[in-house]
Structure formats: C-alpha cells, structure tokens
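J.: Just one file: query.txt, with compact mmCIF, C-alpha atoms.
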# COMPACT_ATOMS: atom_id res chain seq x y z
CA MET A 1 -24.35 35.63 12.74
CA THR A 2 -24.35 35.12 8.96
CA PRO A 3 -21.20 33.53 7.51
CA ASP A 4 -19.18 35.80 5.24
CA PRO A 5 -18.08 33.80 2.14
CA PRO A 6 -15.11 36.06 1.23
CA THR A 7 -13.78 35.76 4.79
CA LEU A 8 -14.21 31.98 4.78
CA LEU A 9 -12.48 31.66 1.41
CA GLY A 10 -9.69 33.97 2.53
CA CYS A 11 -9.09 31.85 5.65
CA SER A 12 -9.05 28.73 3.46
CA ALA A 13 -6.45 30.33 1.20
CA VAL A 14 -4.21 31.02 4.20
CA ILE A 15 -4.59 27.44 5.52
CA PHE A 16 -3.79 25.93 2.11
CA LEU A 17 -0.79 28.26 1.69
CA LEU A 18 0.62 27.32 5.08
CA LEU A 19 0.28 23.61 4.31
CA GLY A 20 2.02 24.13 0.97
CA VAL A 21 4.89 25.96 2.66
CA HIS A 22 5.15 23.16 5.23
CA PHE A 23 5.63 20.51 2.55
CA ILE A 24 8.10 22.71 0.67
CA LEU A 25 10.26 23.17 3.76
CA SER A 26 10.03 19.54 4.90
CA GLU A 27 11.01 18.12 1.50
CA LEU A 28 13.55 20.88 0.79
CA SER A 29 15.57 19.87 3.85
CA ALA A 30 15.71 16.29 2.52
CA ARG A 31 16.57 17.54 -1.02
CA ARG A 32 13.76 15.48 -2.54
CA TRP A 33 12.86 17.89 -5.30
CA PRO A 34 10.09 15.87 -7.08
CA HIS A 35 8.43 15.16 -3.74
CA MET A 36 8.64 18.84 -2.81
CA VAL A 37 6.94 19.94 -6.03
CA TRP A 38 4.13 17.38 -5.97
CA TYR A 39 3.48 17.48 -2.22
CA ALA A 40 3.18 21.27 -2.17
CA ALA A 41 1.29 21.64 -5.47
CA PRO A 42 -2.24 20.63 -4.27
CA PHE A 43 -2.16 23.12 -1.40
CA LEU A 44 -0.68 25.96 -3.45
CA MET A 45 -3.26 25.34 -6.19
CA GLY A 46 -5.99 25.33 -3.54
CA ALA A 47 -4.70 28.61 -2.14
CA ALA A 48 -4.76 30.19 -5.61
CA SER A 49 -8.29 28.91 -6.18
CA SER A 50 -9.57 30.29 -2.88
CA LEU A 51 -7.89 33.63 -3.53
CA LEU A 52 -9.54 33.94 -6.96
CA PHE A 53 -12.94 32.98 -5.56
CA THR A 54 -12.46 35.52 -2.74
CA ALA A 55 -11.85 38.40 -5.16
CA PRO A 56 -13.05 37.32 -8.62
CA THR A 57 -13.29 40.94 -9.74
CA MET A 58 -9.51 41.24 -9.84
CA LEU A 59 -9.86 39.88 -13.39
CA PRO A 60 -12.37 41.15 -15.98
CA GLY A 61 -15.65 39.37 -16.63
CA LEU A 62 -15.92 35.77 -15.53
CA TRP A 63 -12.20 35.03 -15.83
CA GLY A 64 -11.61 35.21 -12.09
CA LEU A 65 -14.22 32.50 -11.48
CA ARG A 66 -13.02 30.46 -14.45
CA LEU A 67 -9.41 30.46 -13.27
CA GLY A 68 -10.56 29.72 -9.72
CA ALA A 69 -12.41 26.63 -10.98
CA LEU A 70 -9.34 25.62 -13.01
CA PHE A 71 -7.04 25.87 -9.99
CA MET A 72 -9.59 23.91 -7.96
CA ILE A 73 -9.49 21.01 -10.45
CA MET A 74 -5.69 21.23 -10.60
CA ALA A 75 -5.58 21.04 -6.80
CA TYR A 76 -7.49 17.76 -6.81
CA GLY A 77 -5.51 16.44 -9.77
CA THR A 78 -2.12 17.26 -8.26
CA ALA A 79 -3.28 15.73 -4.96
CA TRP A 80 -3.78 12.48 -6.87
CA GLN A 81 -0.29 12.84 -8.37
CA ALA A 82 1.23 13.63 -4.96
CA MET A 83 -0.25 10.43 -3.58
CA ARG A 84 1.13 8.44 -6.52
CA VAL A 85 4.60 9.88 -5.89
CA MET A 86 4.28 9.03 -2.20
CA LEU A 87 3.43 5.42 -3.15
CA GLY A 88 6.47 5.22 -5.44
CA CYS A 89 4.52 5.48 -8.74
CA GLN A 90 5.11 7.82 -11.65
CA ALA A 91 2.95 10.90 -12.06
CA ARG A 92 0.24 10.79 -14.75
CA LEU A 93 0.84 14.17 -16.34
CA LEU A 94 -1.02 13.47 -19.58
CA VAL A 95 -4.26 12.57 -17.78
CA LEU A 96 -3.94 15.57 -15.47
CA VAL A 97 -3.25 18.10 -18.24
CA SER A 98 -5.92 16.69 -20.57
CA ALA A 99 -8.67 16.77 -17.93
CA CYS A 100 -7.79 20.29 -16.74
CA SER A 101 -7.52 21.63 -20.32
CA LEU A 102 -10.88 20.21 -21.35
CA SER A 103 -12.58 21.56 -18.24
CA PHE A 104 -11.08 25.01 -18.74
CA THR A 105 -12.13 25.02 -22.41
CA LEU A 106 -15.73 24.28 -21.45
CA SER A 107 -15.58 26.95 -18.75
CA ALA A 108 -14.20 29.51 -21.22
CA LEU A 109 -17.03 28.79 -23.64
CA ALA A 110 -19.72 29.01 -20.95
CA GLY A 111 -21.42 32.09 -19.63
CA SER A 112 -22.86 32.65 -16.17
CA THR A 113 -25.99 30.70 -17.21
CA GLY A 114 -27.12 28.45 -20.04
CA ALA A 115 -26.64 24.88 -21.22
CA ILE A 116 -22.86 25.08 -21.65
CA HIS A 117 -22.54 26.46 -18.11
CA VAL A 118 -24.48 23.46 -16.76
CA ILE A 119 -22.41 21.03 -18.85
CA SER A 120 -19.18 22.70 -17.72
CA THR A 121 -20.17 22.47 -14.05
CA ALA A 122 -21.23 18.81 -14.37
CA PHE A 123 -17.95 18.01 -16.10
CA ARG A 124 -15.98 19.75 -13.34
CA LEU A 125 -17.74 17.72 -10.63
CA THR A 126 -17.22 14.51 -12.63
CA ILE A 127 -13.50 15.19 -13.10
CA ILE A 128 -13.05 15.88 -9.38
CA ALA A 129 -14.88 12.64 -8.56
CA ALA A 130 -12.70 10.78 -11.10
CA PHE A 131 -9.51 12.09 -9.48
CA HIS A 132 -10.75 10.72 -6.14
CA VAL A 133 -11.57 7.36 -7.74
CA PHE A 134 -8.15 7.16 -9.43
CA ALA A 135 -6.41 7.99 -6.16
CA ALA A 136 -8.41 5.34 -4.25
CA ARG A 137 -7.62 2.77 -6.95
CA ASP A 138 -3.88 3.50 -6.78
CA LEU A 139 -3.96 3.31 -3.00
CA ARG A 140 -5.60 -0.14 -3.12
CA ARG A 141 -3.23 -1.43 -5.81
CA SER A 142 -0.06 -0.29 -4.09
CA VAL A 143 1.95 -2.43 -1.68
CA PRO A 144 -0.72 -3.94 0.58
CA ILE A 145 0.30 -2.41 3.89
CA ARG A 146 -3.03 -1.93 5.62
CA THR A 147 -2.00 0.78 8.08
CA PRO A 148 -4.57 2.95 9.93
CA ALA A 149 -3.68 6.12 7.99
CA ARG A 150 -3.96 4.30 4.68
CA ARG A 151 -7.37 2.88 5.56
CA SER A 152 -8.57 6.31 6.69
CA LEU A 153 -7.35 7.96 3.48
CA LEU A 154 -9.07 5.29 1.39
CA ARG A 155 -12.37 5.92 3.17
CA LEU A 156 -11.93 9.67 2.71
CA LEU A 157 -11.30 9.33 -1.03
CA ASN A 158 -14.29 7.02 -1.53
CA THR A 159 -16.59 9.31 0.46
CA TYR A 160 -15.66 12.45 -1.46
CA ALA A 161 -15.81 10.64 -4.81
CA ALA A 162 -19.37 9.54 -4.01
CA PHE A 163 -20.27 13.05 -2.81
CA HIS A 164 -19.19 14.73 -6.07
CA LEU A 165 -20.82 12.05 -8.21
CA LEU A 166 -24.11 12.48 -6.34
CA LEU A 167 -24.08 16.19 -7.14
CA VAL A 168 -23.93 15.62 -10.91
CA PRO A 169 -27.61 14.62 -11.47
CA PHE A 170 -28.74 17.69 -9.48
CA VAL A 171 -26.27 20.14 -10.98
CA PHE A 172 -29.02 22.21 -12.64
CA TRP A 173 -30.75 22.93 -9.30
CA MET A 174 -27.84 23.04 -6.82
CA PRO A 175 -26.31 26.50 -6.17
CA ALA A 176 -22.65 27.13 -6.98
CA PRO A 177 -20.14 25.76 -6.13
CA LEU A 178 -22.26 22.64 -5.56
CA GLY A 179 -23.99 23.07 -8.91
CA ALA A 180 -24.77 25.47 -11.73
CA ALA A 181 -27.51 27.57 -10.09
CA PRO A 182 -26.67 31.04 -8.71
CA SER A 183 -24.44 30.91 -5.66
CA THR A 184 -25.82 31.09 -2.12
CA VAL A 185 -24.13 31.64 1.23
CA TRP A 186 -25.02 28.19 2.55
CA ALA A 187 -23.65 26.46 -0.56
CA VAL A 188 -20.32 28.33 -0.38
CA THR A 189 -20.09 27.71 3.38
CA THR A 190 -20.91 24.01 3.05
CA TYR A 191 -18.50 23.36 0.20
CA ASN A 192 -15.72 25.37 1.87
CA PHE A 193 -16.23 23.46 5.13
CA LEU A 194 -16.05 20.09 3.34
CA VAL A 195 -12.94 21.11 1.42
CA ILE A 196 -11.12 22.21 4.58
CA ILE A 197 -11.93 18.88 6.27
CA GLU A 198 -10.66 16.94 3.26
CA VAL A 199 -7.50 19.00 2.93
CA ALA A 200 -6.68 18.66 6.63
CA LEU A 201 -7.22 14.88 6.64
CA PHE A 202 -5.34 14.46 3.35
CA ALA A 203 -2.36 16.42 4.68
CA LEU A 204 -2.31 14.35 7.87
CA ALA A 205 -2.41 11.14 5.82
CA MET A 206 0.44 12.36 3.58
CA ILE A 207 2.51 12.91 6.72
CA ALA A 208 1.49 9.71 8.53
CA ILE A 209 1.58 7.12 5.73
CA PRO A 210 5.35 7.37 4.98
CA TRP A 211 6.09 6.98 8.70
CA GLU A 212 3.76 3.99 8.94
CA GLN A 213 5.40 2.42 5.88
CA LEU A 214 8.83 2.92 7.41
CA THR A 215 7.68 1.37 10.69
CA PHE A 216 6.16 -1.57 8.81
CA ARG A 217 9.38 -2.20 6.86
CA GLN A 218 11.44 -2.01 10.04
CA GLN A 219 9.11 -4.52 11.68
CA GLU A 220 9.49 -6.79 8.64
CA LEU A 221 13.28 -6.59 8.93
CA ILE A 222 13.10 -7.42 12.63
CA LEU A 223 11.09 -10.57 11.86
CA GLN A 224 12.97 -11.61 8.69
CA ASP A 225 15.92 -13.94 8.35
CA PRO A 226 18.40 -12.12 6.08
CA LEU A 227 19.78 -15.27 4.39
CA SER A 228 16.72 -17.40 3.63
CA GLY A 229 14.29 -14.49 3.28
CA GLY A 230 11.81 -16.28 5.54
CA GLY A 231 10.74 -15.43 9.04
CA ASN A 232 13.20 -15.76 11.92
CA ARG A 233 12.78 -17.38 15.31
CA ARG A 234 10.92 -14.36 16.67
CA ALA A 235 8.46 -14.46 13.75
CA PHE A 236 7.98 -18.19 14.27
CA GLN A 237 7.22 -17.68 17.95
CA ALA A 238 4.64 -15.02 17.06
CA TRP A 239 3.04 -17.45 14.61
CA LEU A 240 3.07 -20.20 17.23
CA ASP A 241 1.60 -17.94 19.92
CA ASN A 242 -1.39 -17.29 17.67
CA ASP A 243 -2.67 -20.62 18.88
CA GLY A 244 -6.03 -22.32 19.07
CA HIS A 245 -7.18 -24.51 16.20
CA ILE A 246 -5.43 -23.95 12.90
CA CYS A 247 -7.05 -24.29 9.51
CA ALA A 248 -7.95 -27.76 8.31
CA HIS A 249 -5.69 -29.28 5.67
CA GLU A 250 -2.60 -27.32 6.74
CA ALA A 251 0.74 -29.15 6.57
CA LEU A 252 3.84 -28.41 8.62
CA LEU A 253 7.34 -29.56 7.64
CA MET A 254 10.24 -29.59 10.09
CA VAL A 255 13.34 -29.39 7.89
CA ASP A 256 16.97 -29.98 8.87
CA ILE A 257 20.02 -29.59 6.60
CA ASP A 258 22.02 -32.77 7.03
CA HIS A 259 25.51 -32.42 8.53
CA PHE A 260 25.41 -28.64 8.16
CA LYS A 261 28.12 -28.08 10.81
CA SER A 262 30.46 -30.41 8.93
CA ILE A 263 29.80 -28.50 5.69
CA ASN A 264 30.61 -25.21 7.44
CA ASP A 265 33.80 -26.67 8.95
CA ALA A 266 34.96 -28.18 5.64
CA HIS A 267 34.03 -25.42 3.19
CA GLY A 268 33.67 -22.28 5.28
CA HIS A 269 30.76 -20.16 6.47
CA ALA A 270 30.44 -18.37 3.12
CA VAL A 271 29.45 -21.68 1.51
CA GLY A 272 27.12 -22.38 4.44
CA ASP A 273 25.43 -19.02 3.89
CA GLN A 274 24.91 -19.89 0.21
CA ILE A 275 23.22 -23.13 1.23
CA ILE A 276 20.85 -21.29 3.59
CA THR A 277 20.06 -18.83 0.81
CA ALA A 278 19.41 -21.73 -1.57
CA MET A 279 16.86 -23.14 0.89
CA GLY A 280 14.83 -19.92 0.75
CA ARG A 281 15.14 -19.78 -3.03
CA VAL A 282 13.92 -23.36 -3.47
CA CYS A 283 10.91 -22.77 -1.22
CA THR A 284 9.98 -19.70 -3.26
CA GLN A 285 10.30 -21.61 -6.54
CA ILE A 286 8.37 -24.78 -5.77
CA LEU A 287 5.86 -23.71 -3.10
CA TYR A 288 2.98 -21.31 -3.61
CA PRO A 289 1.44 -18.61 -1.41
CA PRO A 290 0.31 -18.60 1.31
CA THR A 291 3.31 -20.84 2.15
CA VAL A 292 5.26 -19.60 5.18
CA LEU A 293 8.97 -20.31 5.74
CA PHE A 294 10.69 -19.86 9.11
CA ARG A 295 14.35 -20.36 9.93
CA ILE A 296 14.27 -21.37 13.59
CA GLY A 297 17.92 -22.37 13.98
CA GLY A 298 21.24 -22.43 12.15
CA ASP A 299 20.15 -25.29 9.90
CA GLU A 300 16.54 -25.82 10.99
CA PHE A 301 13.45 -24.61 9.14
CA VAL A 302 9.70 -24.82 9.45
CA VAL A 303 7.55 -24.75 6.30
CA VAL A 304 3.77 -24.31 6.57
CA PHE A 305 1.45 -24.61 3.57
CA GLN A 306 -2.12 -25.50 2.65
CA CYS A 307 -2.54 -29.16 1.81
CA GLY A 308 -5.50 -31.36 0.95
CA SER A 309 -4.19 -34.86 1.65
CA LEU A 310 -1.36 -36.92 3.10
CA ASP A 311 -0.16 -37.92 -0.38
CA GLU A 312 -0.02 -34.28 -1.47
CA MET A 313 1.97 -33.33 1.64
CA LEU A 314 4.49 -36.14 1.13
CA ALA A 315 4.84 -35.35 -2.58
CA THR A 316 5.53 -31.69 -1.75
CA ALA A 317 8.09 -32.64 0.90
CA HIS A 318 9.92 -34.99 -1.49
CA ARG A 319 9.86 -32.33 -4.21
CA LEU A 320 11.42 -29.86 -1.76
CA ARG A 321 14.10 -32.37 -0.76
CA LYS A 322 15.08 -33.20 -4.35
CA ALA A 323 15.02 -29.58 -5.53
CA PHE A 324 17.28 -28.55 -2.66
CA SER A 325 19.85 -31.24 -3.53
CA THR A 326 19.82 -30.11 -7.16
CA GLU A 327 20.05 -26.41 -6.29
CA THR A 328 23.04 -26.86 -3.95
CA ARG A 329 25.01 -29.16 -6.25
CA LEU A 330 26.89 -26.25 -7.85
CA ILE A 331 27.72 -24.46 -4.57
CA GLY A 332 31.38 -24.58 -3.58
CA GLY A 333 32.53 -25.69 -7.01
CA GLY A 334 30.43 -28.82 -6.90
CA ALA A 335 32.23 -30.17 -3.84
CA VAL A 336 29.23 -29.84 -1.50
CA MET A 337 26.64 -32.57 -1.07
CA ALA A 338 23.78 -30.94 0.86
CA THR A 339 20.62 -32.89 1.64
CA LEU A 340 17.51 -32.45 3.77
CA SER A 341 15.82 -34.51 6.43
CA ILE A 342 12.13 -33.65 6.73
CA GLY A 343 9.50 -34.48 9.31
CA ALA A 344 5.97 -33.85 8.08
CA ALA A 345 2.65 -33.53 9.91
CA LEU A 346 -0.83 -32.79 8.53
CA CYS A 347 -3.54 -30.98 10.47
CA PRO A 348 -6.75 -33.06 10.54
CA GLY A 349 -10.04 -31.66 9.38
CA ARG A 350 -11.19 -30.94 12.92
CA GLY A 351 -8.10 -28.80 13.58
CA ILE A 352 -5.53 -29.11 16.37
CA PRO A 353 -3.32 -26.61 18.28
CA ARG A 354 -0.25 -25.51 16.37
CA THR A 355 2.01 -26.67 19.19
CA GLU A 356 0.65 -30.20 18.79
CA LEU A 357 1.17 -30.15 15.03
CA LEU A 358 4.74 -28.91 15.58
CA ALA A 359 5.43 -31.70 18.08
CA GLN A 360 4.23 -34.31 15.57
CA ALA A 361 6.48 -32.90 12.83
CA ASP A 362 9.42 -32.72 15.24
CA ASN A 363 8.98 -36.41 16.16
CA ALA A 364 8.82 -37.28 12.48
CA LEU A 365 12.03 -35.34 11.83
CA TYR A 366 13.79 -37.27 14.60
CA THR A 367 12.72 -40.50 12.93
CA ALA A 368 13.98 -39.28 9.53
CA LYS A 369 17.40 -38.45 10.96
CA GLN A 370 17.67 -41.68 12.95
CA SER A 371 16.83 -43.78 9.88
CA GLY A 372 19.60 -42.45 7.65
CA ARG A 373 18.80 -38.77 6.80
CA ASN A 374 18.02 -37.40 3.31
CA ARG A 375 14.45 -38.59 3.60
CA VAL A 376 10.91 -37.64 4.56
Would it be possible to restate this file's structure as structure tokens?
T.:
Amino acid sequence: MTPDPPTLLGCSAVIFLLLGVHFILSELSARRWPHMVWYAAPFLMGAASSLLFTAPTMLPGLWGLRLGALFMIMAYGTAWQAMRVMLGCQARLLVLVSACSLSFTLSALAGSTGAIHVISTAFRLTIIAAFHVFAARDLRRSVPIRTPARRSLLRLLNTYAAFHLLLVPFVFWMPAPLGAAPSTVWAVTTYNFLVIIEVALFALAMIAIPWEQLTFRQQELILQDPLSGGGNRRAFQAWLDNDGHICAHEALLMVDIDHFKSINDAHGHAVGDQIITAMGRVCTQILYPPTVLFRIGGDEFVVVFQCGSLDEMLATAHRLRKAFSTETRLIGGGAVMATLSIGAALCPGRGIPRTELLAQADNALYTAKQSGRNRV
C-alpha cells in the first residue's frame, strides 16, 4: 500500500493540534499565561504548517508552500523558546523573529526551482538545525539537574541538529522537504515520520522535566539543613554509606561549637539559630567547591574538602575557626563569644574507608575539647 502524503500530513496536523490544546488547558488551569502561550505555540505552528502542506492550493501560486515552510520554522523556533521558558530563562524574540523573517524573505524571492530556491531551502535547514543547537546549549547551561528526561531531550536535540545539518550539503539532490529537488512520496513520508517522533518525545519531555525538577528540589530539601544550608544527618548518612576507599588527599573536619547549650540558655534559641547560620555562611566564604558541609547534630558539623597536605588541612581548619569567631562576634549585640573545637583527619594516598576517617577525626575532636576547646 502506497503512503498518501496528504493523509499523513493531515493526521500530523491533528496530532499537533491536540498537543497544543493539551498545553493550553493544562497551563490555563494554573493561570500561567506566558507558559500557556509558549508551550502551545510550537504545536499550533506545526499544525498550521501541516495543514498548509496538506492543501497548498488553498492559496494562489507557491504561497501555500511558502507559508507552510514559515510555520515549520516558527514551530521549531517557538519550541526552543518554550524550553527556555520551562528552564526559567527569558524568550529570545529578536533571534526568533529575525531568523523567520529572513527565511520567509528568501522563500518569497524563490521560485519552485533555481539557485534562490536551493539557497532558501539550505537556509531553512540550517536555521532549524541552529534552533536545535541553541536549545541543546540552553539545556546544558541551565541548572545542572541531570534527570533522565533532561538527558533524553538533550540527545534528541543533538540528533536532530546533526540530521538537518547533514542534509545541507546534499540539498540540491535531496527531494523536498529534505532538500530542494522535486518532492517524492518517500521524502514526505520520511520527514513526516521523523517530525512526529520528535514532537512526541519533545512533548513528553516538556511534561516530565518540570516534575523531575520538582522531585529533585523536594529531595534536596529533605537532605538539607535549613539553618546552615549544608546537608543534614540523613544526607551525611547517605554520604557515609557510599563507602569503600575515598579519594586520596581528602580531609575531614569534625567541628563542635563550644558551649552551645549554654549560649542557647543564656541568649535564647534565636541567637543560637543565628550562630548555626553563621557556621554555614563562613564555610561558604572561606572553603571552595567541592567542599561538603553536614550538620549532624545541634552543634556538631562535618566538613569534607580536597586537601594536598597535613599543613594545608591544619591551615584551613584554623582559618575556619578564626573566621567563625569573627563572624559571630556581632551576634546578640556583641555579648556572645562563640568558638569552635575541631578534630581533623587526612585521608592517606592509598585511601581508607570513610568510617575510619570519621573515627580518626572524632578522636581528634575529643582531644581538642579535653585540652581546652577553641583549638584544632
């Protein structure tokens, strides 16, 4: 049975229209007007393009095909914008309008054959590939939450960008819509099939990624201490359970705020909360990624960071101790004297289990507290 291009394009138009209506209704109920417009736009543009390609004779001359190609480019361009909006970025209207206007101008100047027709077709394929590249770039640069849907969408964008770029050198020989040669049934069928696959996967990703981001943020909140901003006891246990041999040259500090209960009793829990917050702030200021901070008790912390030598570890621990004392000096009207006792342990080059490194730091902390506190 020979495929019927008008029937295929008509079915595509219906699919795109239904997806556009879905995003309109889903965002309309949440009253997110910008999201509604951008999320629905790619599918509505795709539906208009398919409709014009299905019945190009509804407009005189080549204008049906020209407008169909314009709506096709706008569908890809607005899909890029929809993804930017989903990622919390602003839409790039100037780039979108400029690219679509230039492509339509070339198309209006071109006939059904000739050099300008070839140039117009090559430009259209290049612009579509560029929209895929821009979308993939924005997806990589956004908040690095490597969820399954995000990885799948990134692969999809890269694959289709490469596909359209590979068509450009052969545009003179490939039949429309794959190139500038006269259209054939297999070319229309192939391109339509690929477009439907991309649209379906893109729509699924647009639905899945926000849910995955929400789940990721909820998981972060579950594992985060709200005062210090570091990980909580549950996050520390997960880090500890990932045992085996840790990286060489990794230092672990067991940190205890001296006489924290007495500070709470004398000045109130609000002041105590400010001191805990100051601990997280100091760690952020003087330590560099990939430093990890855990609050494992009311006044107990674990700090893990990369370190090359014993002297470097001790210098970092002393810098943390002094910075904390300076940072907390103004809390409670200057009436609070908060200090740290720190036990430090350095992982040897051969690597040791994390539990063993923790035990060494814990023993060192006990020694620091027994010998007068406010020391490393």
J.: Which value, in Å to one decimal, gives the distance between CA of Arg84 in chain A and CA of Pro289 in chain A?
T.: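 The value is 27.5 Å.
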J.: Restricting the calculation to all atoms listed in the file, which member of A:Met174, A:Met74, A:Leu18, A:Ala110 is positioned closest to Met45 in chain A?
T.: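 Once distances to Met45 in chain A are computed over all atoms listed in the file, the minimum belongs to A:Met74.
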J.: Could you give me, as a list in words, the residues within 8 Å of Ile275 in chain A, counting all atoms listed in the file and dropping anything in the same chain fewer than 3 positions from it?
T.: Val271, Gly272, Ala278, Met279, Thr328, Ile331 and Ala338 of chain A
J.: Hey, what's within 8 Å of Gly229 in chain A if we count all atoms listed in the file and toss same-chain stuff fewer than 3 positions away? As a PyMOL selection string, please?
T.: chain A and resi 224-226+277+280
J.: With only C-alpha atoms as the basis for distance, which of A:Pro175, A:Phe43, A:Val336, A:Ile196 is at the shortest distance from Val21 in chain A?
T.: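 The answer is A:Phe43, which sits nearest to Val21 in chain A.
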J.: Determine the axis-aligned bounding box of all atoms of range 95-108 of chain A present in the file, pad each side by 8 Å, and express its centre and edge lengths in Å to one decimal place as lines of an AutoDock Vina configuration file.
T.:
center_x = -9.5
center_y = 21.0
center_z = -18.9
size_x = 28.5
size_y = 32.9
size_z = 22.9
J.: At a cut-off of 12 Å, using all atoms listed in the file, what residues contact Leu154 in chain A? Leave out same-chain residues fewer than 2 positions from it and give the result as number ranges by chain.
T.: A: 83, 132-142, 146-152, 156-161, 198, 201-202, 205, 209
J.: Would you write out those residues with C-alpha atoms, as a compact mmCIF listing (two decimals), keeping the file's coordinate frame?
T.:
# COMPACT_ATOMS: atom_id res chain seq x y z
CA MET A 83 -0.25 10.43 -3.58
CA HIS A 132 -10.75 10.72 -6.14
CA VAL A 133 -11.57 7.36 -7.74
CA PHE A 134 -8.15 7.16 -9.43
CA ALA A 135 -6.41 7.99 -6.16
CA ALA A 136 -8.41 5.34 -4.25
CA ARG A 137 -7.62 2.77 -6.95
CA ASP A 138 -3.88 3.50 -6.78
CA LEU A 139 -3.96 3.31 -3.00
CA ARG A 140 -5.60 -0.14 -3.12
CA ARG A 141 -3.23 -1.43 -5.81
CA SER A 142 -0.06 -0.29 -4.09
CA ARG A 146 -3.03 -1.93 5.62
CA THR A 147 -2.00 0.78 8.08
CA PRO A 148 -4.57 2.95 9.93
CA ALA A 149 -3.68 6.12 7.99
CA ARG A 150 -3.96 4.30 4.68
CA ARG A 151 -7.37 2.88 5.56
CA SER A 152 -8.57 6.31 6.69
CA LEU A 156 -11.93 9.67 2.71
CA LEU A 157 -11.30 9.33 -1.03
CA ASN A 158 -14.29 7.02 -1.53
CA THR A 159 -16.59 9.31 0.46
CA TYR A 160 -15.66 12.45 -1.46
CA ALA A 161 -15.81 10.64 -4.81
CA GLU A 198 -10.66 16.94 3.26
CA LEU A 201 -7.22 14.88 6.64
CA PHE A 202 -5.34 14.46 3.35
CA ALA A 205 -2.41 11.14 5.82
CA ILE A 209 1.58 7.12 5.73
